[in-house]
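Trainee: This is work13.txt (compact mmCIF, C-alpha atoms).
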```txt
# COMPACT_ATOMS: atom_id res chain seq x y z
CA MET H 30 13.94 -156.06 22.25
CA LEU H 31 17.16 -158.06 22.55
CA ASP H 32 20.71 -157.13 21.69
CA LEU H 33 23.92 -159.09 21.09
CA ALA H 34 27.16 -157.98 22.73
CA LEU H 35 30.77 -159.10 22.55
CA ALA H 36 31.29 -158.70 26.29
CA GLU H 37 29.64 -160.28 29.30
CA GLY H 38 27.80 -158.45 32.06
CA LEU H 39 26.93 -155.26 30.18
CA PRO H 40 23.92 -153.30 31.48
CA ASN H 41 20.72 -153.01 29.46
CA ALA H 42 20.22 -149.85 27.42
CA ASP H 43 16.80 -148.14 27.11
CA GLY H 44 14.27 -150.44 25.47
CA ILE H 45 16.65 -153.42 25.49
CA SER H 46 15.42 -156.30 27.65
CA ALA H 47 18.72 -158.21 27.59
CA ALA H 48 22.17 -158.01 26.06
CA ILE H 49 23.18 -161.55 25.14
CA PHE H 50 26.84 -162.50 25.03
CA ALA H 51 27.38 -163.49 21.38
CA GLY H 52 30.38 -165.68 22.25
CA ALA H 53 28.07 -168.03 24.13
CA LEU H 54 25.92 -168.68 21.07
CA PRO H 55 27.05 -171.80 19.19
CA SER H 56 25.63 -170.45 15.94
CA PHE H 57 27.56 -167.16 16.05
CA SER H 58 30.36 -166.98 13.45
CA ASN H 59 32.76 -164.06 13.43
CA CYS H 60 34.08 -164.33 9.86
CA LYS H 61 37.33 -162.62 8.92
CA SER H 62 36.94 -163.10 5.17
CA PRO H 63 34.25 -163.85 2.55
CA GLN H 64 35.68 -167.40 2.26
CA GLU H 65 35.19 -167.98 5.98
CA ALA H 66 31.65 -166.63 5.68
CA LYS H 67 30.95 -169.05 2.83
CA ALA H 68 32.15 -171.98 4.95
CA ALA H 69 30.16 -170.80 7.99
CA ALA H 70 26.98 -170.38 5.91
CA LYS H 71 26.89 -174.16 5.36
CA ARG H 72 26.14 -174.71 9.04
CA LYS H 73 22.54 -174.91 10.24
CA ARG H 74 21.11 -171.63 11.57
CA ALA H 75 24.45 -169.83 11.41
CA LEU H 76 24.62 -166.21 12.54
CA LEU H 77 27.06 -164.64 10.10
CA TYR H 78 29.00 -161.60 11.21
CA CYS H 79 31.64 -160.32 8.82
CA LYS H 80 33.38 -157.12 9.90
CA GLY H 81 34.09 -156.14 6.29
CA TYR H 82 30.46 -156.79 5.19
CA GLU H 83 31.76 -158.59 2.11
CA ILE H 84 29.61 -161.71 2.09
CA ASP H 85 28.93 -162.87 -1.46
CA ASP H 86 25.56 -163.80 -2.92
CA GLY H 87 26.34 -167.54 -2.94
CA ALA H 88 27.02 -167.54 0.80
CA LEU H 89 23.82 -165.58 1.43
CA LEU H 90 21.81 -168.08 -0.60
CA GLU H 91 23.42 -170.95 1.33
CA ALA H 92 22.69 -169.23 4.65
CA ALA H 93 19.07 -168.66 3.62
CA ARG H 94 18.69 -172.36 2.73
CA ASN H 95 20.15 -173.46 6.07
CA GLY H 96 18.06 -171.06 8.17
CA GLY H 97 20.98 -168.74 8.89
CA ALA H 98 21.05 -164.96 9.19
CA VAL H 99 23.41 -162.03 8.73
CA LEU H 100 24.24 -159.63 11.56
CA PHE H 101 24.67 -155.88 11.17
CA ALA H 102 26.61 -154.41 14.08
CA PHE H 103 26.49 -150.81 15.21
CA CYS H 104 29.97 -151.07 16.78
CA ASP H 105 31.46 -151.16 13.27
CA VAL H 106 29.98 -147.75 12.55
CA LEU H 107 31.26 -146.39 15.86
CA GLY H 108 34.73 -147.75 15.19
CA GLU H 109 35.19 -145.61 12.08
CA SER H 110 34.95 -141.90 11.40
CA GLY H 111 34.71 -139.59 8.42
CA PHE H 112 35.11 -141.11 4.98
CA ARG H 113 35.75 -144.63 6.30
CA ARG H 114 32.46 -144.51 8.26
CA ALA H 115 30.67 -143.54 5.02
CA ILE H 116 32.26 -146.53 3.28
CA ILE H 117 31.22 -149.03 5.98
CA VAL H 118 27.61 -147.71 5.98
CA SER H 119 27.58 -147.99 2.20
CA LYS H 120 28.85 -151.61 2.39
CA MET H 121 26.15 -152.40 4.95
CA ARG H 122 23.47 -150.96 2.65
CA LEU H 123 24.71 -153.07 -0.26
CA LEU H 124 24.80 -156.21 1.88
CA LEU H 125 21.28 -155.58 3.14
CA GLN H 126 20.05 -155.25 -0.45
CA ALA H 127 21.84 -158.51 -1.33
CA CYS H 128 20.24 -160.24 1.70
CA ARG H 129 16.81 -159.07 0.56
CA ARG H 130 17.49 -160.27 -3.01
CA GLU H 131 18.64 -163.73 -1.87
CA GLY H 132 15.96 -164.08 0.81
CA CYS H 133 18.46 -164.27 3.66
CA PRO H 134 17.20 -162.98 7.04
CA PHE H 135 19.20 -160.32 8.88
CA ALA H 136 19.32 -158.76 12.32
CA PHE H 137 20.59 -155.54 13.85
CA CYS H 138 22.57 -155.39 17.08
CA THR H 139 25.34 -153.39 18.73
CA LEU H 140 27.91 -156.19 19.34
CA ALA H 141 29.22 -153.84 22.00
CA SER H 142 32.46 -154.72 23.70
CA ASN H 143 32.08 -152.02 26.37
CA GLU H 144 29.37 -149.89 27.96
CA GLY H 145 30.11 -146.89 25.74
CA GLN H 146 29.14 -148.86 22.64
CA LEU H 147 25.68 -149.84 23.91
CA ARG H 148 22.76 -148.20 22.15
CA SER H 149 19.03 -147.99 22.89
CA ALA H 150 16.27 -149.77 20.97
CA ARG H 151 15.27 -146.50 19.28
CA GLU H 152 18.84 -145.95 18.09
CA LEU H 153 19.02 -149.50 16.70
CA ALA H 154 15.71 -148.92 14.89
CA ALA H 155 17.14 -145.72 13.38
CA PHE H 156 20.28 -147.66 12.37
CA ALA H 157 18.10 -150.22 10.57
CA ALA H 158 16.07 -147.49 8.87
CA VAL H 159 19.20 -145.69 7.66
CA LEU H 160 20.49 -148.94 6.14
CA GLY H 161 17.21 -149.25 4.22
CA ALA H 162 15.30 -151.85 6.24
CA THR H 163 11.51 -151.56 6.18
CA PRO H 164 9.52 -151.55 9.46
CA GLU H 165 8.45 -155.17 8.75
CA GLU H 166 12.08 -156.22 8.30
CA ARG H 167 12.97 -154.50 11.58
CA LYS H 168 10.24 -156.43 13.39
CA HIS H 169 11.43 -159.64 11.77
CA SER H 170 14.96 -158.85 12.96
CA GLU H 171 13.70 -158.45 16.54
CA LYS H 172 11.82 -161.76 16.36
CA LEU H 173 14.90 -163.46 14.96
CA LEU H 174 17.01 -162.33 17.92
CA GLU H 175 14.30 -163.41 20.36
CA GLY H 176 14.25 -166.84 18.67
CA ILE H 177 18.01 -167.13 19.01
CA ALA H 178 17.85 -166.16 22.67
CA GLY H 179 15.08 -168.70 23.27
CA LYS H 180 17.08 -171.51 21.69
CA ALA H 181 20.23 -170.53 23.59
CA GLY H 182 18.21 -170.51 26.81
CA LYS H 183 16.92 -174.02 26.15
CA GLY H 184 20.45 -175.20 25.47
CA GLY H 185 21.49 -173.89 28.89
CA LYS H 186 24.48 -172.02 27.51
CA LYS H 187 26.71 -170.18 29.93
CA GLY H 188 27.55 -166.52 29.56
CA GLU H 189 24.09 -165.12 28.89
CA LYS H 190 23.48 -162.12 30.99
CA ASN H 191 20.62 -160.06 32.30
CA GLY H 192 18.02 -162.77 32.27
CA ALA H 193 17.96 -163.55 28.54
CA MET G 19 9.24 -112.17 3.05
CA ALA G 20 7.99 -115.11 5.12
CA LEU G 21 7.20 -118.41 3.46
CA LYS G 22 3.62 -119.63 3.43
CA PRO G 23 2.95 -122.45 5.93
CA THR G 24 2.44 -124.92 3.06
CA GLN G 25 5.84 -124.04 1.58
CA ARG G 26 7.74 -124.56 4.82
CA PHE G 27 9.47 -127.76 5.88
CA LYS G 28 7.32 -130.17 7.88
CA GLN G 29 9.21 -130.32 11.12
CA ARG G 30 9.90 -132.65 14.01
CA TYR G 31 11.65 -131.91 17.28
CA VAL G 32 14.00 -134.42 18.88
CA ALA G 33 15.00 -134.09 22.53
CA PHE G 34 18.39 -135.41 23.58
CA VAL G 35 20.71 -135.62 26.55
CA LEU G 36 24.29 -134.58 25.95
CA THR G 37 27.15 -135.80 28.11
CA CYS G 38 30.83 -135.17 27.59
CA ASN G 39 33.21 -137.01 29.90
CA ALA G 40 30.26 -137.82 32.20
CA LEU G 41 29.44 -134.09 32.53
CA HIS G 42 26.95 -131.83 30.78
CA PRO G 43 28.88 -129.29 28.69
CA ALA G 44 28.17 -125.56 28.81
CA TYR G 45 25.95 -123.98 26.17
CA ALA G 46 28.73 -122.63 23.91
CA GLU G 47 30.61 -125.95 23.93
CA ALA G 48 27.42 -127.95 23.37
CA LYS G 49 26.45 -125.74 20.44
CA GLU G 50 29.88 -126.16 18.87
CA LEU G 51 29.77 -129.93 19.42
CA VAL G 52 26.28 -130.36 17.95
CA HIS G 53 26.93 -128.12 14.95
CA SER G 54 30.30 -129.64 14.07
CA HIS G 55 29.07 -133.22 14.54
CA PHE G 56 25.99 -132.73 12.39
CA LEU G 57 27.96 -130.83 9.76
CA SER G 58 30.58 -133.58 9.53
CA PHE G 59 27.86 -136.25 9.36
CA PHE G 60 25.49 -134.65 6.83
CA GLY G 61 27.72 -132.13 5.02
CA GLU G 62 26.64 -128.66 3.92
CA SER G 63 24.18 -129.94 1.33
CA GLY G 64 22.60 -132.39 3.78
CA ILE G 65 22.19 -129.74 6.48
CA SER G 66 20.48 -127.40 4.00
CA SER G 67 17.76 -129.95 3.24
CA LEU G 68 17.42 -131.04 6.86
CA ALA G 69 15.83 -127.86 8.35
CA PHE G 70 18.28 -128.38 11.18
CA LYS G 71 18.42 -126.09 14.19
CA LEU G 72 19.54 -126.42 17.78
CA VAL G 73 16.36 -125.02 19.31
CA LYS G 74 17.42 -124.98 22.94
CA TYR G 75 19.86 -126.48 25.36
CA ASP G 76 19.79 -126.51 29.13
CA ASP G 77 23.34 -126.91 30.38
CA LYS G 78 22.28 -127.81 33.94
CA ALA G 79 20.33 -130.92 32.89
CA GLY G 80 22.22 -131.43 29.62
CA ILE G 81 18.91 -131.66 27.78
CA GLY G 82 18.60 -130.11 24.35
CA ILE G 83 16.17 -130.01 21.44
CA VAL G 84 17.00 -130.10 17.75
CA ARG G 85 14.61 -129.43 14.89
CA CYS G 86 14.68 -131.44 11.68
CA GLU G 87 12.67 -132.28 8.59
CA ARG G 88 9.86 -134.76 9.28
CA SER G 89 10.99 -137.57 6.97
CA ARG G 90 14.57 -137.55 8.30
CA VAL G 91 14.06 -138.21 11.98
CA ASP G 92 15.73 -141.64 11.74
CA GLU G 93 18.82 -140.11 10.15
CA ILE G 94 18.98 -137.51 12.93
CA ILE G 95 18.75 -140.22 15.61
CA PHE G 96 21.36 -142.32 13.82
CA CYS G 97 23.62 -139.25 13.64
CA MET G 98 23.20 -138.69 17.39
CA ALA G 99 23.98 -142.35 18.08
CA CYS G 100 27.18 -142.10 16.02
CA LEU G 101 28.70 -139.60 18.44
CA SER G 102 31.14 -141.43 20.68
CA SER G 103 33.97 -138.96 21.31
CA TRP G 104 34.62 -135.24 21.18
CA LYS G 105 38.09 -133.65 21.40
CA GLY G 106 39.53 -136.87 22.78
CA GLN G 107 36.88 -137.27 25.48
CA ALA G 108 34.03 -139.75 25.62
CA ALA G 109 30.83 -138.04 24.53
CA ARG G 110 27.27 -139.26 24.12
CA MET G 111 24.20 -137.69 22.56
CA GLU G 112 21.28 -139.79 23.66
CA PRO G 113 17.95 -139.24 21.90
CA ARG G 114 15.01 -139.17 24.33
CA SER G 115 11.79 -138.35 22.50
CA THR G 116 10.42 -137.07 19.21
CA SER G 117 7.42 -134.80 18.69
CA GLY G 118 5.85 -132.40 16.24
CA THR G 119 5.71 -129.67 18.86
CA ILE G 120 8.23 -128.50 21.46
CA ARG G 121 5.54 -128.51 24.13
CA ARG G 122 4.85 -132.25 23.80
CA LEU G 123 8.49 -133.31 24.21
```
Can you present the structure in this file as structure tokens?
Mentor:
Amino acid sequence: MLDLALAEGLPNADGISAAIFAGALPSFSNCKSPQEAKAAAKRKRALLYCKGYEIDDGALLEAARNGGAVLFAFCDVLGESGFRRAIIVSKMRLLLQACRREGCPFAFCTLASNEGQLRSARELAAFAAVLGATPEERKHSEKLLEGIAGKAGKGGKKGEKNGA
Amino acid sequence: MALKPTQRFKQRYVAFVLTCNALHPAYAEAKELVHSHFLSFFGESGISSLAFKLVKYDDKAGIGIVRCERSRVDEIIFCMACLSSWKGQAARMEPRSTSGTIRRL
């Protein structure tokens, strides 16, 4: 299983074959607002990451048409605590339901910026299950990340670590 | 009066490794950490339906076992993964294996 990280040179957690540096992926879009996400969804095979998880249905439909996907990051759960953590998990659940409704693919990763934020494959699977993803959707998410890594490898992008 | 086996929760055991500031905490501290973290994550109502129990903890190896309801293993593992700090120190509760019996862990 592959993972996406926001830092280079992080070690591999249990069950993770490689942690790819997301910044090196040309398709990765870190969207600050729903408007930015909508603009990014128009690009081919865009990987949409919105920290607020407020991507609207139109953007999801656009992303689905263009072969894009939405990223769910575990670091956002770690960054909050208490009631705010409950809110972010709830927003993730709603976005996942919207993705399913609009036929937009999604993937689960840590987007870790340090070693303490890395999580094992089993923990990422549990994260997906808690958000409401089915086992088939989890497998599809893994394949999606492997596809991204394969394409990035062919492109010869710098910054990929641990043999991805 | 003991419950009949069919009326009891179907259980799973999850083994984990606990580290707090790169050290394995002592039993009393580990118990407090696990109980308070799970209580804050699930709440009183959640814990009651979870069949949760810290079965054992070895403070030398930092390895512990928690019991939970069979259908909620993923939630338990997610809860463990959500632990990142404890009393201002970096803490980690890393799930290792899941089994229906303690012996098989």
Trainee: Find, counting only C-alpha atoms, the residue in H:Cys133, H:Ala48, H:Ile177, H:Ala42 that gets nearest to chain G.
Mentor: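 Of H:Cys133, H:Ala48, H:Ile177, H:Ala42, the one nearest chain G is H:Ala42, counting only C-alpha atoms.
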Trainee: Between H:Leu123, H:Leu174, H:Ala115, H:Cys128, which has the minimum distance to chain G (counting all atoms listed in the file)?
Mentor: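 Among the listed residues, H:Ala115 lies closest to chain G.
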Trainee: Show me, as a tab-separated table, the residues of chain H having an atom within 12 Å of chain G, each with the closest atom pair and its distance in Å, using only C-alpha atoms.
Mentor:
```
residue	atom	partner	partner_atom	distance
H:Ala42	CA	G:Glu112	CA	10.8
H:Asp43	CA	G:Arg114	CA	9.6
H:Gly44	CA	G:Arg114	CA	11.4
H:Phe103	CA	G:Cys100	CA	8.8
H:Cys104	CA	G:Cys100	CA	9.4
H:Asp105	CA	G:Cys100	CA	10.4
H:Val106	CA	G:Cys100	CA	7.2
H:Leu107	CA	G:Cys100	CA	5.9
H:Gly108	CA	G:Ser102	CA	9.1
H:Glu109	CA	G:Cys100	CA	9.6
H:Ser110	CA	G:Cys100	CA	9.0
H:Gly111	CA	G:Ser58	CA	7.4
H:Phe112	CA	G:Phe59	CA	9.8
H:Arg113	CA	G:Phe59	CA	11.9
H:Arg114	CA	G:Phe59	CA	9.5
H:Ala115	CA	G:Phe59	CA	8.9
H:Val118	CA	G:Phe96	CA	11.4
H:Thr139	CA	G:Ala99	CA	11.1
H:Glu144	CA	G:Ser102	CA	11.3
H:Gly145	CA	G:Ser102	CA	7.5
H:Gln146	CA	G:Ser102	CA	7.9
H:Leu147	CA	G:Ala99	CA	9.6
H:Arg148	CA	G:Ala99	CA	7.2
H:Ser149	CA	G:Glu112	CA	8.5
H:Ala150	CA	G:Pro113	CA	10.7
H:Arg151	CA	G:Ile95	CA	8.1
H:Glu152	CA	G:Phe96	CA	6.1
H:Leu153	CA	G:Phe96	CA	8.1
H:Ala154	CA	G:Asp92	CA	7.9
H:Ala155	CA	G:Asp92	CA	4.6
H:Phe156	CA	G:Phe96	CA	5.6
H:Ala157	CA	G:Asp92	CA	9.0
H:Ala158	CA	G:Asp92	CA	6.5
H:Val159	CA	G:Glu93	CA	6.1
H:Leu160	CA	G:Glu93	CA	9.8
H:Gly161	CA	G:Asp92	CA	10.8
H:Ala162	CA	G:Asp92	CA	11.6
H:Pro164	CA	G:Asp92	CA	11.9
```
Trainee: So, counting all atoms listed in the file, which residue among G:Gln25, G:Val52, G:Gly64, G:Ala20 is closest to Ile83 (chain G)?
Mentor: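 For Ile83 (chain G), the nearest of the given residues is G:Val52.
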Trainee: What is the distance, in Å and to one decimal place, between CA of Lys80 (chain H) and CA of Ser62 (chain H)?
Mentor: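 Separation between CA of Lys80 (chain H) and CA of Ser62 (chain H): 8.4 Å.
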Trainee: One decimal, in Å: what's the spacing between CA of Ser54 (chain G) and CA of Met111 (chain G)?
Mentor: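 Going from CA of Ser54 (chain G) over to CA of Met111 (chain G), I get 13.2 Å.
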Trainee: Please report the interatomic distance between CA of Tyr78 (chain H) and CA of Pro40 (chain H) in Å with one decimal.
Mentor: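 Interatomic distance here is 22.5 Å.
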Trainee: Which neighbours of Val73 (chain G) fall inside 12 Å, counting only C-alpha atoms, when residues of the same chain fewer than 3 positions from it are skipped, and could you give them as a PDB file with C-alpha atoms, in the frame of the given file?
Mentor:
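Result file is part20.pdb:
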```pdb
ATOM      1  CA  ARG G  30       9.900-132.650  14.010  1.00  0.00           C
ATOM      2  CA  TYR G  31      11.650-131.910  17.280  1.00  0.00           C
ATOM      3  CA  VAL G  32      14.000-134.420  18.880  1.00  0.00           C
ATOM      4  CA  ALA G  33      15.000-134.090  22.530  1.00  0.00           C
ATOM      5  CA  PHE G  34      18.390-135.410  23.580  1.00  0.00           C
ATOM      6  CA  TYR G  45      25.950-123.980  26.170  1.00  0.00           C
ATOM      7  CA  LYS G  49      26.450-125.740  20.440  1.00  0.00           C
ATOM      8  CA  VAL G  52      26.280-130.360  17.950  1.00  0.00           C
ATOM      9  CA  HIS G  53      26.930-128.120  14.950  1.00  0.00           C
ATOM     10  CA  ALA G  69      15.830-127.860   8.350  1.00  0.00           C
ATOM     11  CA  PHE G  70      18.280-128.380  11.180  1.00  0.00           C
ATOM     12  CA  ASP G  76      19.790-126.510  29.130  1.00  0.00           C
ATOM     13  CA  ILE G  81      18.910-131.660  27.780  1.00  0.00           C
ATOM     14  CA  GLY G  82      18.600-130.110  24.350  1.00  0.00           C
ATOM     15  CA  ILE G  83      16.170-130.010  21.440  1.00  0.00           C
ATOM     16  CA  VAL G  84      17.000-130.100  17.750  1.00  0.00           C
ATOM     17  CA  ARG G  85      14.610-129.430  14.890  1.00  0.00           C
ATOM     18  CA  CYS G  86      14.680-131.440  11.680  1.00  0.00           C
ATOM     19  CA  THR G 119       5.710-129.670  18.860  1.00  0.00           C
ATOM     20  CA  ILE G 120       8.230-128.500  21.460  1.00  0.00           C
TER      21      ILE G 120
END
```
Trainee: Nearest residue to Ile65 (chain G) out of G:Ala44, G:Glu87, G:Asp77, G:Glu50, using all atoms listed in the file?
Mentor: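 Distance minimum relative to Ile65 (chain G) lands on G:Glu87.
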Trainee: Using only C-alpha atoms, which of the listed residues (H:Gln64, H:Ala51, H:Phe135, H:Arg74) sits closest to Thr163 (chain H)?
Mentor: H:Phe135
